[in-house]
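Asks: Pasting a structure below so you can have a look.
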Number of protein chains: 2
Amino acid sequence: MYRSHTNGELNLSNVGQEVTLSGWVQKVRDKGFVIWIDLRDRYGITQLILDEDRTDTSLLEKTKTLGREFVIQIRGTVIERQSKNEKIKTGAIEVLVSEMQVLNEALLPPFTIEDETDGGEELRMKYRYLDIRRNPVKNSLIFRHQVTQEVRNFLTNEAFVEVETPYLIKSTPEGARDFVVPSRMNSGQFYALPQSPQTFKQLLMVGGMDKYFQIVKCFRDEDLRADRQPEFTQIDCEMAFVEQEDILDVFEGLTRHLLQKVNNIEIGDFPRMTFDHAMKTYGNDKPDVRFGMEFGELNTVSKHRNFKIFDEAELVVGIAVPGGAFYTRKEIDKLVDWVKRPQIGALGMIYVKCNEDGSFKSSVDKFYDQEDLAKWAKETNAKAGDLICVLSGQTSKVRAQMSALRMELAERLGLRNPKEFAPLWVVDFPLLEWDEDSARYHAMHHPFTSPKPEDMHLLDSDPGKVRANAYDLVLNGNEIGGGSIRIHDKKTQALLFEHLGFRPEEAEEQFGFLLNAFEYGAPPHGGLAFGLDRLVAILAGKETIRDFIAFPKNNSGRDVMIDAPSKLDDSQLTELSLQLNLAEHKEV
Amino acid sequence: MYRSHTNGELNLSNVGQEVTLSGWVQKVRDKGFVIWIDLRDRYGITQLILDEDRTDTSLLEKTKTLGREFVIQIRGTVIERQSKNEKIKTGAIEVLVSEMQVLNEALLPPFTIEDETDGGEELRMKYRYLDIRRNPVKNSLIFRHQVTQEVRNFLTNEAFVEVETPYLIKSTPEGARDFVVPSRMNSGQFYALPQSPQTFKQLLMVGGMDKYFQIVKCFRDEDLRADRQPEFTQIDCEMAFVEQEDILDVFEGLTRHLLQKVNNIEIGDFPRMTFDHAMKTYGNDKPDVRFGMEFGELNTVSKHRNFKIFDEAELVVGIAVPGGAFYTRKEIDKLVDWVKRPQIGALGMIYVKCNEDGSFKSSVDKFYDQEDLAKWAKETNAKAGDLICVLSGQTSKVRAQMSALRMELAERLGLRNPKEFAPLWVVDFPLLEWDEDSARYHAMHHPFTSPKPEDMHLLDSDPGKVRANAYDLVLNGNEIGGGSIRIHDKKTQALLFEHLGFRPEEAEEQFGFLLNAFEYGAPPHGGLAFGLDRLVAILAGKETIRDFIAFPKNNSGRDVMIDAPSKLDDSQLTELSLQLNLAEHKEV
């Protein structure tokens, strides 16, 4: 037996007990006549003590040879500590060591195994197994487990069945690139790894498994942006014989359950906001509604005053920054520079200071009088002491710019409190979005998303106006997940494929097995998928997902710890009927 | 709202209620003046009724157009049935239909959606979404979910943390072929799909996550035998600061929990049997101990009687077949033929009938007298009425043959009761096994398996005799899973690699990152993995795993439903820096 207790459980009630402990040497404090060791494991730290009076000399000497991260096992007696440490669970006791065994030695770790480490990202990833010993990473992984358990318990109680769908499949209709897997037994042919189990979950609905979920790895071979992983985990769900509201109810319930169980926060009904409203009010389809600064559209109160920039703009929009009236000229200039950065792309910013005395001072006083500016203040809900920031231009661009500014200012003002949770549903997404490159409409969600019946008549005349039965769950400015009611009848599906520019043969080739399944009695169905990595990070109040993934890959898709991907033997390639073609390779 | 109730919940207490139901038309019985419909969903079947007296004529006419598997929604009133069907939950009521809507039509399914179907394996796989509507498949998938939930609940209660390990990794040290995934971003390089998370779980132990589990897909590119899948699911576990007994305790507890929760069966302590004993007594390292027929070794009582075959044999071994003394000559001849089939490979079989009167009649009466045969009966525990079957030859071969005969006879005699569960641990596996082809020892489990310290001295003199801290859980003649205590110190690991014929550079190249991790304070650790697909099938009392996998592949590794694997576009290959090399391909 390696231990009678973990290092997180001994307290005053154990005083006098003979115990066996195992763990890592966190720290040795050698005062000569007395030595303290912090012994660490997953559960905590227990202080060990050895001293000249009570400890055998040879044991004392042996202790002096211990290095950081040595793995040791000790026997000893629990005693009360003289100076207690209230910060740790075991802080009232220490263990007087009578025997010690070194289970394994350790090289000096390349970074310190402490909450705040001196290891940079690259080093931490290379020695991820040491990084995981640190509380922030260890606790993130344990937290992730708690969340997934709660997800499974909730959905199981709601009669959902977790069904494993295959990983070796065929390309899915989603837009991104597939990772492929050459088949040795079927030479020249390839499997694809799933971008999502979309088609399989729809087939399960056709199969009558009316409440499906799965916590499942998905794969996308995309050029990685920061905080994107080539493999990621989804909470994937689908239901049959449901309408949109049935689905929202269940997954609002799930989210509420998680907030209650893992964050101890009670949240009432989630607001539902249309896509149009979100874009108009927040410039964004995943608004952070923990704070105000809602958009005020100023077209009617800013045009025809000879200010050419506004007169020519499709949209003039402002937000009120709390307390911003006290910004110095220099601070405001920096803000203007910020919106003019290429990442944001605004050409400039107009501002209005709302003075405490009720007067206004703007950067366009030449064109607008106090009465005009009072109207701007009204539209943006600005109060005395606020700064109104105004951007203008082409609607979709200026909304994106203003949204970025709003988030940046909220961050600076400390309005994005990670302990506060403001979930909402964004609904009524457009069915189609115009793609400039291909000069045609694409499915905003995917080609199986159901249009709203009442908008069907617009499909020919004004396709961009057709709304879908599609929805996203948004939490604190992040899209947690989304889904849709699917098309389940051939006629509508054929119509949609036609509008998406598919020839019937193409549709058959790409989606044949699903279309075929739809001929054998497909029930009305719909579902959604949550991104687990992001959900867990947000519930933990963190911005980055990496600490919630045990062994993440870097931005080149490499696992630097195991050094993957790597070269194959020629014999392996031959067996797969493949050869490398590096000369022809072009960077894409 | 598509339904107020499912088709499995209405009973006499609902009589008089107005309900809305949805589902599939299982059957329409049209008697002209009255029509009954069996409406089916995941939860059961509800009988609908329409008749001339109470139903609108146009509705009656519409009903006559319904085909099998049409998806319909109805409104109606629950009424008491005149002739009740006690076989189904809703058998006391029926629903008098007042409104009906066809939600989707259906082509005639290619096989009947009933418990006993006329669809062959191939057809059922092609239309798996229809197959899943059938109770045997649907219930198997739901059962699988129940089992996995119980596994997760049990292990979570035991403080295990489910950690997701990556799918895009590097080749693992296990013996089988890897599936590989070309990397576009790292041209010419490949990921491998995990054969198991073995190295990652050991790294998690080094990382201090001392109780890990994961229910995880694993991949092996093997030539498929019946009932093998290229992707399969493991319950994968690892623990640190444990000895073998600690691990057996936990997973015996898990197995007991499952038997109790999903089978309602209480099982006491699991027997532990050494590998040597299992081989000697059952000829097999995964003995089915639900029945006797244990091997009786007859060397001492059969040699030196001038029967050359036995005299020359390394092993003479017999089993007693209950009631076999009454087999006819023809039946016994068929048994002899059975053991002589190439799959079994025996050269012949000697038999002894144990007559009711205490006398014996054998096929070798020329060589053995009644006293000799009485000794055989004693060694094989044969009673009056039994038939002793005796095989002889080279020990390992004859044990395998006799084991096959024992299982076959038990099957024929109905001794393998699927409702009875007899788990046991087989322990003390050999560390190494001799491989004829390469003429050297290989690791029986894997190269990180720890030898028993007390056997270490045999590593040079008699390597085949060194036992490992390795164990298998066996249930009803199936290996459910297995594992081992791992080596966690450099010295032993280096010694093992040497004995396995690895040059130090090779070991470094293949296992470098794990060996490196072992330098930074690796704790003593060990673990195991259960095969979930097989475990679930056995708990359900079934022999085949396919019905417990939602979308299985066939023996060529094909998914015939979605038609995968399939060809890639040339552009996709170019992007991956690959080209096909079909000419050079040799069948392997």
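Here, A, B, ... name the chains of the structure tokens in the order displayed, residue numbers run from 1 inside each chain, and ligands are numbered from 1 in the same displayed order.
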Can you pull out the residues contacting Arg124 of chain B? Cut-off 12 Å, using only C-alpha atoms, and skip same-chain residues under 5 positions away; I want them as a PyMOL selection string.

Replies: chain B and resi 109-113+117-119+129-134+137+546-547+550-554+559-561

Asks: Please check the contacts: residues of chain A at most 6 Å away from chain B, using only C-alpha atoms, listed as a PDB file with N, CA, C and O atoms, in the first residue's frame.

Replies:
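Result went into part_34.pdb, see below:
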```pdb
ATOM      1  N   TYR A   2       0.645   2.068  -1.001  1.00  0.00           N
ATOM      2  CA  TYR A   2       1.500   3.239  -1.152  1.00  0.00           C
ATOM      3  C   TYR A   2       1.080   4.411  -0.271  1.00  0.00           C
ATOM      4  O   TYR A   2       1.866   5.297  -0.014  1.00  0.00           O
ATOM      5  N   ARG A  42      -2.276  15.165  -6.217  1.00  0.00           N
ATOM      6  CA  ARG A  42      -3.437  15.794  -6.866  1.00  0.00           C
ATOM      7  C   ARG A  42      -4.343  16.496  -5.863  1.00  0.00           C
ATOM      8  O   ARG A  42      -5.029  17.457  -6.187  1.00  0.00           O
ATOM      9  N   GLU A  69      10.476  17.620  -6.983  1.00  0.00           N
ATOM     10  CA  GLU A  69       9.746  16.666  -7.826  1.00  0.00           C
ATOM     11  C   GLU A  69      10.200  15.217  -7.670  1.00  0.00           C
ATOM     12  O   GLU A  69       9.772  14.367  -8.442  1.00  0.00           O
ATOM     13  N   PHE A  70      11.074  14.932  -6.698  1.00  0.00           N
ATOM     14  CA  PHE A  70      11.315  13.533  -6.358  1.00  0.00           C
ATOM     15  C   PHE A  70       9.984  12.922  -5.902  1.00  0.00           C
ATOM     16  O   PHE A  70       9.154  13.607  -5.296  1.00  0.00           O
ATOM     17  N   VAL A  71       9.811  11.648  -6.202  1.00  0.00           N
ATOM     18  CA  VAL A  71       8.607  10.953  -5.738  1.00  0.00           C
ATOM     19  C   VAL A  71       8.999  10.151  -4.503  1.00  0.00           C
ATOM     20  O   VAL A  71       9.915   9.325  -4.570  1.00  0.00           O
ATOM     21  N   ASN A 104      11.067   7.451  -6.787  1.00  0.00           N
ATOM     22  CA  ASN A 104      11.669   7.806  -8.064  1.00  0.00           C
ATOM     23  C   ASN A 104      12.356   9.153  -7.936  1.00  0.00           C
ATOM     24  O   ASN A 104      11.845  10.056  -7.283  1.00  0.00           O
ATOM     25  N   GLU A 105      13.515   9.274  -8.551  1.00  0.00           N
ATOM     26  CA  GLU A 105      14.193  10.563  -8.562  1.00  0.00           C
ATOM     27  C   GLU A 105      13.654  11.411  -9.703  1.00  0.00           C
ATOM     28  O   GLU A 105      12.896  10.930 -10.549  1.00  0.00           O
ATOM     29  N   ALA A 106      14.053  12.664  -9.721  1.00  0.00           N
ATOM     30  CA  ALA A 106      13.586  13.547 -10.790  1.00  0.00           C
ATOM     31  C   ALA A 106      14.697  14.506 -11.177  1.00  0.00           C
ATOM     32  O   ALA A 106      15.420  15.018 -10.321  1.00  0.00           O
ATOM     33  N   LEU A 107      14.814  14.708 -12.481  1.00  0.00           N
ATOM     34  CA  LEU A 107      15.674  15.793 -12.942  1.00  0.00           C
ATOM     35  C   LEU A 107      15.023  17.110 -12.525  1.00  0.00           C
ATOM     36  O   LEU A 107      13.823  17.165 -12.266  1.00  0.00           O
ATOM     37  N   TYR A 129       3.204  17.068 -19.339  1.00  0.00           N
ATOM     38  CA  TYR A 129       2.987  16.188 -18.173  1.00  0.00           C
ATOM     39  C   TYR A 129       3.439  16.850 -16.885  1.00  0.00           C
ATOM     40  O   TYR A 129       2.962  16.506 -15.811  1.00  0.00           O
ATOM     41  N   LEU A 130       4.375  17.806 -16.975  1.00  0.00           N
ATOM     42  CA  LEU A 130       4.764  18.562 -15.770  1.00  0.00           C
ATOM     43  C   LEU A 130       3.798  19.718 -15.547  1.00  0.00           C
ATOM     44  O   LEU A 130       3.436  20.037 -14.416  1.00  0.00           O
ATOM     45  N   ILE A 132       0.720  19.715 -16.165  1.00  0.00           N
ATOM     46  CA  ILE A 132      -0.531  19.184 -15.594  1.00  0.00           C
ATOM     47  C   ILE A 132      -0.426  19.038 -14.074  1.00  0.00           C
ATOM     48  O   ILE A 132      -1.432  19.032 -13.378  1.00  0.00           O
ATOM     49  N   ARG A 133       0.817  18.957 -13.555  1.00  0.00           N
ATOM     50  CA  ARG A 133       0.957  18.906 -12.095  1.00  0.00           C
ATOM     51  C   ARG A 133       0.579  20.230 -11.432  1.00  0.00           C
ATOM     52  O   ARG A 133       0.313  20.271 -10.237  1.00  0.00           O
ATOM     53  N   HIS A 145     -14.156  17.617 -16.417  1.00  0.00           N
ATOM     54  CA  HIS A 145     -14.808  16.343 -16.119  1.00  0.00           C
ATOM     55  C   HIS A 145     -16.149  16.571 -15.396  1.00  0.00           C
ATOM     56  O   HIS A 145     -17.159  15.928 -15.712  1.00  0.00           O
ATOM     57  N   GLU A 162     -27.019   8.468 -25.307  1.00  0.00           N
ATOM     58  CA  GLU A 162     -25.733   8.773 -25.938  1.00  0.00           C
ATOM     59  C   GLU A 162     -25.402   7.644 -26.896  1.00  0.00           C
ATOM     60  O   GLU A 162     -25.285   6.489 -26.500  1.00  0.00           O
ATOM     61  N   ILE A 169     -15.418   7.920 -41.517  1.00  0.00           N
ATOM     62  CA  ILE A 169     -16.627   8.127 -42.301  1.00  0.00           C
ATOM     63  C   ILE A 169     -16.274   8.670 -43.680  1.00  0.00           C
ATOM     64  O   ILE A 169     -15.172   8.490 -44.178  1.00  0.00           O
ATOM     65  N   LYS A 170     -17.210   9.370 -44.264  1.00  0.00           N
ATOM     66  CA  LYS A 170     -17.079   9.953 -45.586  1.00  0.00           C
ATOM     67  C   LYS A 170     -17.208  11.458 -45.403  1.00  0.00           C
ATOM     68  O   LYS A 170     -17.772  11.905 -44.411  1.00  0.00           O
ATOM     69  N   VAL A 180      -8.305  13.204 -43.744  1.00  0.00           N
ATOM     70  CA  VAL A 180      -8.623  11.933 -44.384  1.00  0.00           C
ATOM     71  C   VAL A 180      -7.703  10.822 -43.883  1.00  0.00           C
ATOM     72  O   VAL A 180      -6.617  11.078 -43.373  1.00  0.00           O
ATOM     73  N   VAL A 181      -8.170   9.607 -44.037  1.00  0.00           N
ATOM     74  CA  VAL A 181      -7.460   8.427 -43.542  1.00  0.00           C
ATOM     75  C   VAL A 181      -7.411   7.403 -44.668  1.00  0.00           C
ATOM     76  O   VAL A 181      -8.442   6.843 -45.035  1.00  0.00           O
ATOM     77  N   GLN A 189      -8.614   4.329 -51.662  1.00  0.00           N
ATOM     78  CA  GLN A 189      -9.783   4.967 -51.059  1.00  0.00           C
ATOM     79  C   GLN A 189      -9.439   5.512 -49.672  1.00  0.00           C
ATOM     80  O   GLN A 189      -8.478   5.085 -49.044  1.00  0.00           O
ATOM     81  N   PHE A 190     -10.252   6.459 -49.241  1.00  0.00           N
ATOM     82  CA  PHE A 190      -9.984   7.165 -47.988  1.00  0.00           C
ATOM     83  C   PHE A 190     -11.251   7.272 -47.146  1.00  0.00           C
ATOM     84  O   PHE A 190     -12.344   7.452 -47.665  1.00  0.00           O
ATOM     85  N   TYR A 191     -11.060   7.180 -45.848  1.00  0.00           N
ATOM     86  CA  TYR A 191     -12.095   7.612 -44.918  1.00  0.00           C
ATOM     87  C   TYR A 191     -11.880   9.112 -44.663  1.00  0.00           C
ATOM     88  O   TYR A 191     -10.813   9.656 -44.952  1.00  0.00           O
ATOM     89  N   LEU A 203     -29.623  10.600 -39.292  1.00  0.00           N
ATOM     90  CA  LEU A 203     -30.017   9.214 -39.577  1.00  0.00           C
ATOM     91  C   LEU A 203     -30.574   8.534 -38.321  1.00  0.00           C
ATOM     92  O   LEU A 203     -31.481   7.709 -38.414  1.00  0.00           O
ATOM     93  N   GLY A 207     -34.043   6.799 -37.713  1.00  0.00           N
ATOM     94  CA  GLY A 207     -34.061   5.503 -37.051  1.00  0.00           C
ATOM     95  C   GLY A 207     -34.908   5.465 -35.788  1.00  0.00           C
ATOM     96  O   GLY A 207     -34.956   4.444 -35.108  1.00  0.00           O
ATOM     97  N   GLY A 208     -35.540   6.593 -35.447  1.00  0.00           N
ATOM     98  CA  GLY A 208     -36.475   6.571 -34.322  1.00  0.00           C
ATOM     99  C   GLY A 208     -35.856   6.838 -32.963  1.00  0.00           C
ATOM    100  O   GLY A 208     -36.550   6.810 -31.944  1.00  0.00           O
ATOM    101  N   PHE A 241     -39.621  14.866 -33.596  1.00  0.00           N
ATOM    102  CA  PHE A 241     -40.972  15.280 -33.196  1.00  0.00           C
ATOM    103  C   PHE A 241     -40.917  16.528 -32.304  1.00  0.00           C
ATOM    104  O   PHE A 241     -41.527  16.569 -31.244  1.00  0.00           O
ATOM    105  N   PHE A 513     -27.002   9.288 -49.361  1.00  0.00           N
ATOM    106  CA  PHE A 513     -27.477   8.328 -48.358  1.00  0.00           C
ATOM    107  C   PHE A 513     -28.468   8.982 -47.401  1.00  0.00           C
ATOM    108  O   PHE A 513     -29.398   8.346 -46.925  1.00  0.00           O
ATOM    109  N   GLU A 519     -36.490   9.180 -47.611  1.00  0.00           N
ATOM    110  CA  GLU A 519     -37.604   8.592 -48.356  1.00  0.00           C
ATOM    111  C   GLU A 519     -38.341   7.533 -47.548  1.00  0.00           C
ATOM    112  O   GLU A 519     -39.388   7.063 -47.960  1.00  0.00           O
ATOM    113  N   TYR A 520     -37.731   7.124 -46.434  1.00  0.00           N
ATOM    114  CA  TYR A 520     -38.312   6.001 -45.689  1.00  0.00           C
ATOM    115  C   TYR A 520     -38.965   6.432 -44.388  1.00  0.00           C
ATOM    116  O   TYR A 520     -38.904   5.731 -43.383  1.00  0.00           O
ATOM    117  N   GLY A 521     -39.579   7.630 -44.402  1.00  0.00           N
ATOM    118  CA  GLY A 521     -40.305   8.027 -43.200  1.00  0.00           C
ATOM    119  C   GLY A 521     -39.431   8.790 -42.228  1.00  0.00           C
ATOM    120  O   GLY A 521     -39.173   8.333 -41.109  1.00  0.00           O
ATOM    121  N   ILE A 562       4.876  15.040 -28.093  1.00  0.00           N
ATOM    122  CA  ILE A 562       5.165  13.730 -28.698  1.00  0.00           C
ATOM    123  C   ILE A 562       5.813  13.890 -30.072  1.00  0.00           C
ATOM    124  O   ILE A 562       6.191  12.919 -30.704  1.00  0.00           O
ATOM    125  N   ALA A 564       4.380  15.111 -33.037  1.00  0.00           N
ATOM    126  CA  ALA A 564       3.494  14.618 -34.102  1.00  0.00           C
ATOM    127  C   ALA A 564       2.917  15.836 -34.811  1.00  0.00           C
ATOM    128  O   ALA A 564       2.731  16.865 -34.182  1.00  0.00           O
ATOM    129  N   PRO A 565       2.628  15.752 -36.111  1.00  0.00           N
ATOM    130  CA  PRO A 565       2.818  14.592 -36.982  1.00  0.00           C
ATOM    131  C   PRO A 565       4.289  14.339 -37.272  1.00  0.00           C
ATOM    132  O   PRO A 565       5.133  15.160 -36.974  1.00  0.00           O
ATOM    133  N   SER A 566       4.558  13.163 -37.869  1.00  0.00           N
ATOM    134  CA  SER A 566       5.939  12.805 -38.183  1.00  0.00           C
ATOM    135  C   SER A 566       5.973  11.978 -39.456  1.00  0.00           C
ATOM    136  O   SER A 566       4.926  11.622 -40.009  1.00  0.00           O
ATOM    137  N   LYS A 567       7.184  11.693 -39.915  1.00  0.00           N
ATOM    138  CA  LYS A 567       7.327  10.951 -41.178  1.00  0.00           C
ATOM    139  C   LYS A 567       6.924   9.487 -41.010  1.00  0.00           C
ATOM    140  O   LYS A 567       7.033   8.921 -39.932  1.00  0.00           O
ATOM    141  N   SER A 577      -0.723   2.181 -50.571  1.00  0.00           N
ATOM    142  CA  SER A 577      -0.785   2.560 -51.986  1.00  0.00           C
ATOM    143  C   SER A 577      -0.609   4.049 -52.189  1.00  0.00           C
ATOM    144  O   SER A 577      -1.308   4.685 -52.978  1.00  0.00           O
ATOM    145  N   LEU A 578       0.318   4.627 -51.449  1.00  0.00           N
ATOM    146  CA  LEU A 578       0.537   6.066 -51.525  1.00  0.00           C
ATOM    147  C   LEU A 578       1.995   6.361 -51.771  1.00  0.00           C
ATOM    148  O   LEU A 578       2.871   5.563 -51.437  1.00  0.00           O
ATOM    149  N   GLN A 579       2.252   7.504 -52.375  1.00  0.00           N
ATOM    150  CA  GLN A 579       3.608   8.028 -52.303  1.00  0.00           C
ATOM    151  C   GLN A 579       3.574   9.529 -52.116  1.00  0.00           C
ATOM    152  O   GLN A 579       2.593  10.195 -52.455  1.00  0.00           O
ATOM    153  N   LEU A 580       4.649  10.040 -51.552  1.00  0.00           N
ATOM    154  CA  LEU A 580       4.705  11.475 -51.306  1.00  0.00           C
ATOM    155  C   LEU A 580       4.892  12.201 -52.622  1.00  0.00           C
ATOM    156  O   LEU A 580       5.486  11.685 -53.563  1.00  0.00           O
ATOM    157  N   ASN A 581       4.409  13.408 -52.647  1.00  0.00           N
ATOM    158  CA  ASN A 581       4.411  14.207 -53.857  1.00  0.00           C
ATOM    159  C   ASN A 581       4.810  15.616 -53.453  1.00  0.00           C
ATOM    160  O   ASN A 581       4.099  16.580 -53.707  1.00  0.00           O
ATOM    161  N   LEU A 582       5.953  15.699 -52.779  1.00  0.00           N
ATOM    162  CA  LEU A 582       6.322  16.975 -52.145  1.00  0.00           C
ATOM    163  C   LEU A 582       6.688  18.030 -53.175  1.00  0.00           C
ATOM    164  O   LEU A 582       6.443  19.218 -52.952  1.00  0.00           O
ATOM    165  N   HIS A 585       3.789  19.981 -54.311  1.00  0.00           N
ATOM    166  CA  HIS A 585       3.030  20.631 -53.248  1.00  0.00           C
ATOM    167  C   HIS A 585       3.123  22.151 -53.336  1.00  0.00           C
ATOM    168  O   HIS A 585       4.176  22.730 -53.460  1.00  0.00           O
TER     169      HIS A 585
END
```

Asks: Please identify all polymer residues within 6 Å of segment 471-479 of chain B, counting only C-alpha atoms, omitting same-chain residues fewer than 2 positions from it, and present them as an MDAnalysis selection string.

Replies: chainID B and resid 286:288 422:427 481:483

Asks: What does the distance between atom CA of Glu509 of chain B and atom CA of Asp569 of chain A come to in Å, to one decimal place?

Replies: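 Those two atoms sit 13.3 Å apart.
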
Asks: Need to verify the contact set: Val352 of chain B, 8 Å, only C-alpha atoms, exclusion of same-chain residues closer than 5 positions in sequence. Can you return it as a list in words?

Replies: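 Listed by chain and then number, they are Ala325, Phe360, Lys361, Ser362, Ser363, Leu373, Leu387, Ile388 and Cys389 of chain B.
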
Asks: Pull C-alpha atoms from the residues just selected and write them as a PDB file, in the first residue's frame.

Replies:
```
ATOM      1  CA  ALA B 325     -21.878 -42.136 -22.264  1.00  0.00           C
ATOM      2  CA  PHE B 360     -15.793 -48.434 -18.783  1.00  0.00           C
ATOM      3  CA  LYS B 361     -15.776 -48.891 -22.547  1.00  0.00           C
ATOM      4  CA  SER B 362     -13.031 -47.088 -24.406  1.00  0.00           C
ATOM      5  CA  SER B 363     -11.659 -46.758 -27.923  1.00  0.00           C
ATOM      6  CA  LEU B 373      -9.659 -46.225 -17.116  1.00  0.00           C
ATOM      7  CA  LEU B 387     -17.973 -39.596 -21.748  1.00  0.00           C
ATOM      8  CA  ILE B 388     -14.269 -38.941 -21.314  1.00  0.00           C
ATOM      9  CA  CYS B 389     -12.735 -37.280 -24.370  1.00  0.00           C
TER      10      CYS B 389
END
```

Asks: Any chance you could list, as a PDB file with C-alpha atoms, in the first residue's frame, the residues in segment 64-93 of chain B that come up strand (DSSP E) when DSSP is run on the backbone?

Replies:
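Okay, out_37.pdb is ready:
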```
ATOM      1  CA  VAL B  71     -44.898   9.239 -40.236  1.00  0.00           C
ATOM      2  CA  ILE B  72     -48.165  10.604 -38.917  1.00  0.00           C
ATOM      3  CA  GLN B  73     -49.509  12.839 -36.200  1.00  0.00           C
ATOM      4  CA  ILE B  74     -52.965  12.289 -34.761  1.00  0.00           C
ATOM      5  CA  ARG B  75     -55.325  13.814 -32.264  1.00  0.00           C
ATOM      6  CA  GLY B  76     -57.854  11.661 -30.528  1.00  0.00           C
ATOM      7  CA  THR B  77     -59.445  10.469 -27.328  1.00  0.00           C
ATOM      8  CA  VAL B  78     -58.128   7.654 -25.145  1.00  0.00           C
ATOM      9  CA  ILE B  79     -60.722   4.909 -24.757  1.00  0.00           C
ATOM     10  CA  GLU B  80     -60.679   1.537 -23.060  1.00  0.00           C
ATOM     11  CA  ILE B  93     -56.388   1.352 -24.223  1.00  0.00           C
TER      12      ILE B  93
END
```

Asks: Please return as number ranges by chain: the residues of segment 372-586 of chain A that backbone DSSP assigns to alpha helix (DSSP H).

Replies: A: 372-380, 395-412, 458-461, 490-499, 504-518, 532-539, 570-575

Asks: Grab the residues selected above and save them as a short mmCIF file (atom, residue, chain, number, x, y, z; two decimals), in the first residue's frame with C-alpha atoms.

Replies:
```cif
data_model
loop_
_atom_site.label_atom_id
_atom_site.label_comp_id
_atom_site.auth_asym_id
_atom_site.auth_seq_id
_atom_site.Cartn_x
_atom_site.Cartn_y
_atom_site.Cartn_z
CA ASP A 372 -28.62 67.95 -32.28
CA LEU A 373 -26.17 66.42 -29.85
CA ALA A 374 -28.89 66.07 -27.22
CA LYS A 375 -30.74 63.89 -29.73
CA TRP A 376 -27.63 61.75 -30.19
CA ALA A 377 -27.40 61.38 -26.44
CA LYS A 378 -31.02 60.30 -26.33
CA GLU A 379 -30.53 57.71 -29.09
CA THR A 380 -27.43 56.26 -27.43
CA THR A 395 -23.78 49.02 -42.45
CA SER A 396 -22.19 45.60 -41.95
CA LYS A 397 -18.68 47.06 -41.70
CA VAL A 398 -19.55 49.83 -39.29
CA ARG A 399 -21.50 47.43 -37.09
CA ALA A 400 -18.51 45.11 -36.87
CA GLN A 401 -16.23 48.04 -36.07
CA MET A 402 -18.54 49.42 -33.42
CA SER A 403 -18.99 45.97 -31.91
CA ALA A 404 -15.23 45.60 -31.60
CA LEU A 405 -14.98 49.02 -29.99
CA ARG A 406 -17.80 48.22 -27.59
CA MET A 407 -16.11 44.99 -26.46
CA GLU A 408 -12.72 46.67 -26.14
CA LEU A 409 -14.11 49.49 -24.01
CA ALA A 410 -16.09 47.07 -21.85
CA GLU A 411 -12.92 45.09 -21.28
CA ARG A 412 -11.01 48.24 -20.31
CA LEU A 458 -39.54 35.11 -50.42
CA LEU A 459 -37.23 32.34 -51.60
CA ASP A 460 -37.45 33.46 -55.23
CA SER A 461 -38.01 37.18 -54.83
CA LYS A 490 -38.01 15.79 -50.06
CA LYS A 491 -39.85 18.67 -51.71
CA THR A 492 -38.45 21.43 -49.53
CA GLN A 493 -35.02 19.84 -49.65
CA ALA A 494 -35.04 19.74 -53.45
CA LEU A 495 -36.14 23.38 -53.55
CA LEU A 496 -33.33 24.37 -51.21
CA PHE A 497 -30.68 22.48 -53.16
CA GLU A 498 -31.90 24.24 -56.27
CA HIS A 499 -31.55 27.63 -54.60
CA PRO A 504 -29.67 17.14 -58.77
CA GLU A 505 -26.74 14.77 -59.56
CA GLU A 506 -24.47 16.76 -57.27
CA ALA A 507 -26.96 16.66 -54.45
CA GLU A 508 -27.30 12.92 -54.97
CA GLU A 509 -23.57 12.34 -54.99
CA GLN A 510 -22.88 14.38 -51.87
CA PHE A 511 -25.94 13.70 -49.75
CA GLY A 512 -27.35 10.59 -51.40
CA PHE A 513 -27.48 8.33 -48.36
CA LEU A 514 -29.25 10.96 -46.28
CA LEU A 515 -31.71 11.84 -49.06
CA ASN A 516 -32.35 8.16 -49.50
CA ALA A 517 -33.04 7.81 -45.79
CA PHE A 518 -35.50 10.71 -46.00
CA LEU A 532 -17.42 21.85 -25.11
CA ASP A 533 -13.91 23.30 -24.96
CA ARG A 534 -15.18 26.86 -25.07
CA LEU A 535 -18.20 26.19 -22.82
CA VAL A 536 -15.98 24.76 -20.10
CA ALA A 537 -13.54 27.67 -20.33
CA ILE A 538 -16.34 30.24 -20.06
CA LEU A 539 -18.00 28.46 -17.13
CA ASP A 570 8.24 4.01 -47.00
CA SER A 571 6.91 0.53 -46.37
CA GLN A 572 3.93 1.97 -44.57
CA LEU A 573 3.20 4.27 -47.50
CA THR A 574 3.53 1.41 -49.96
CA GLU A 575 1.09 -0.65 -47.95
#
```
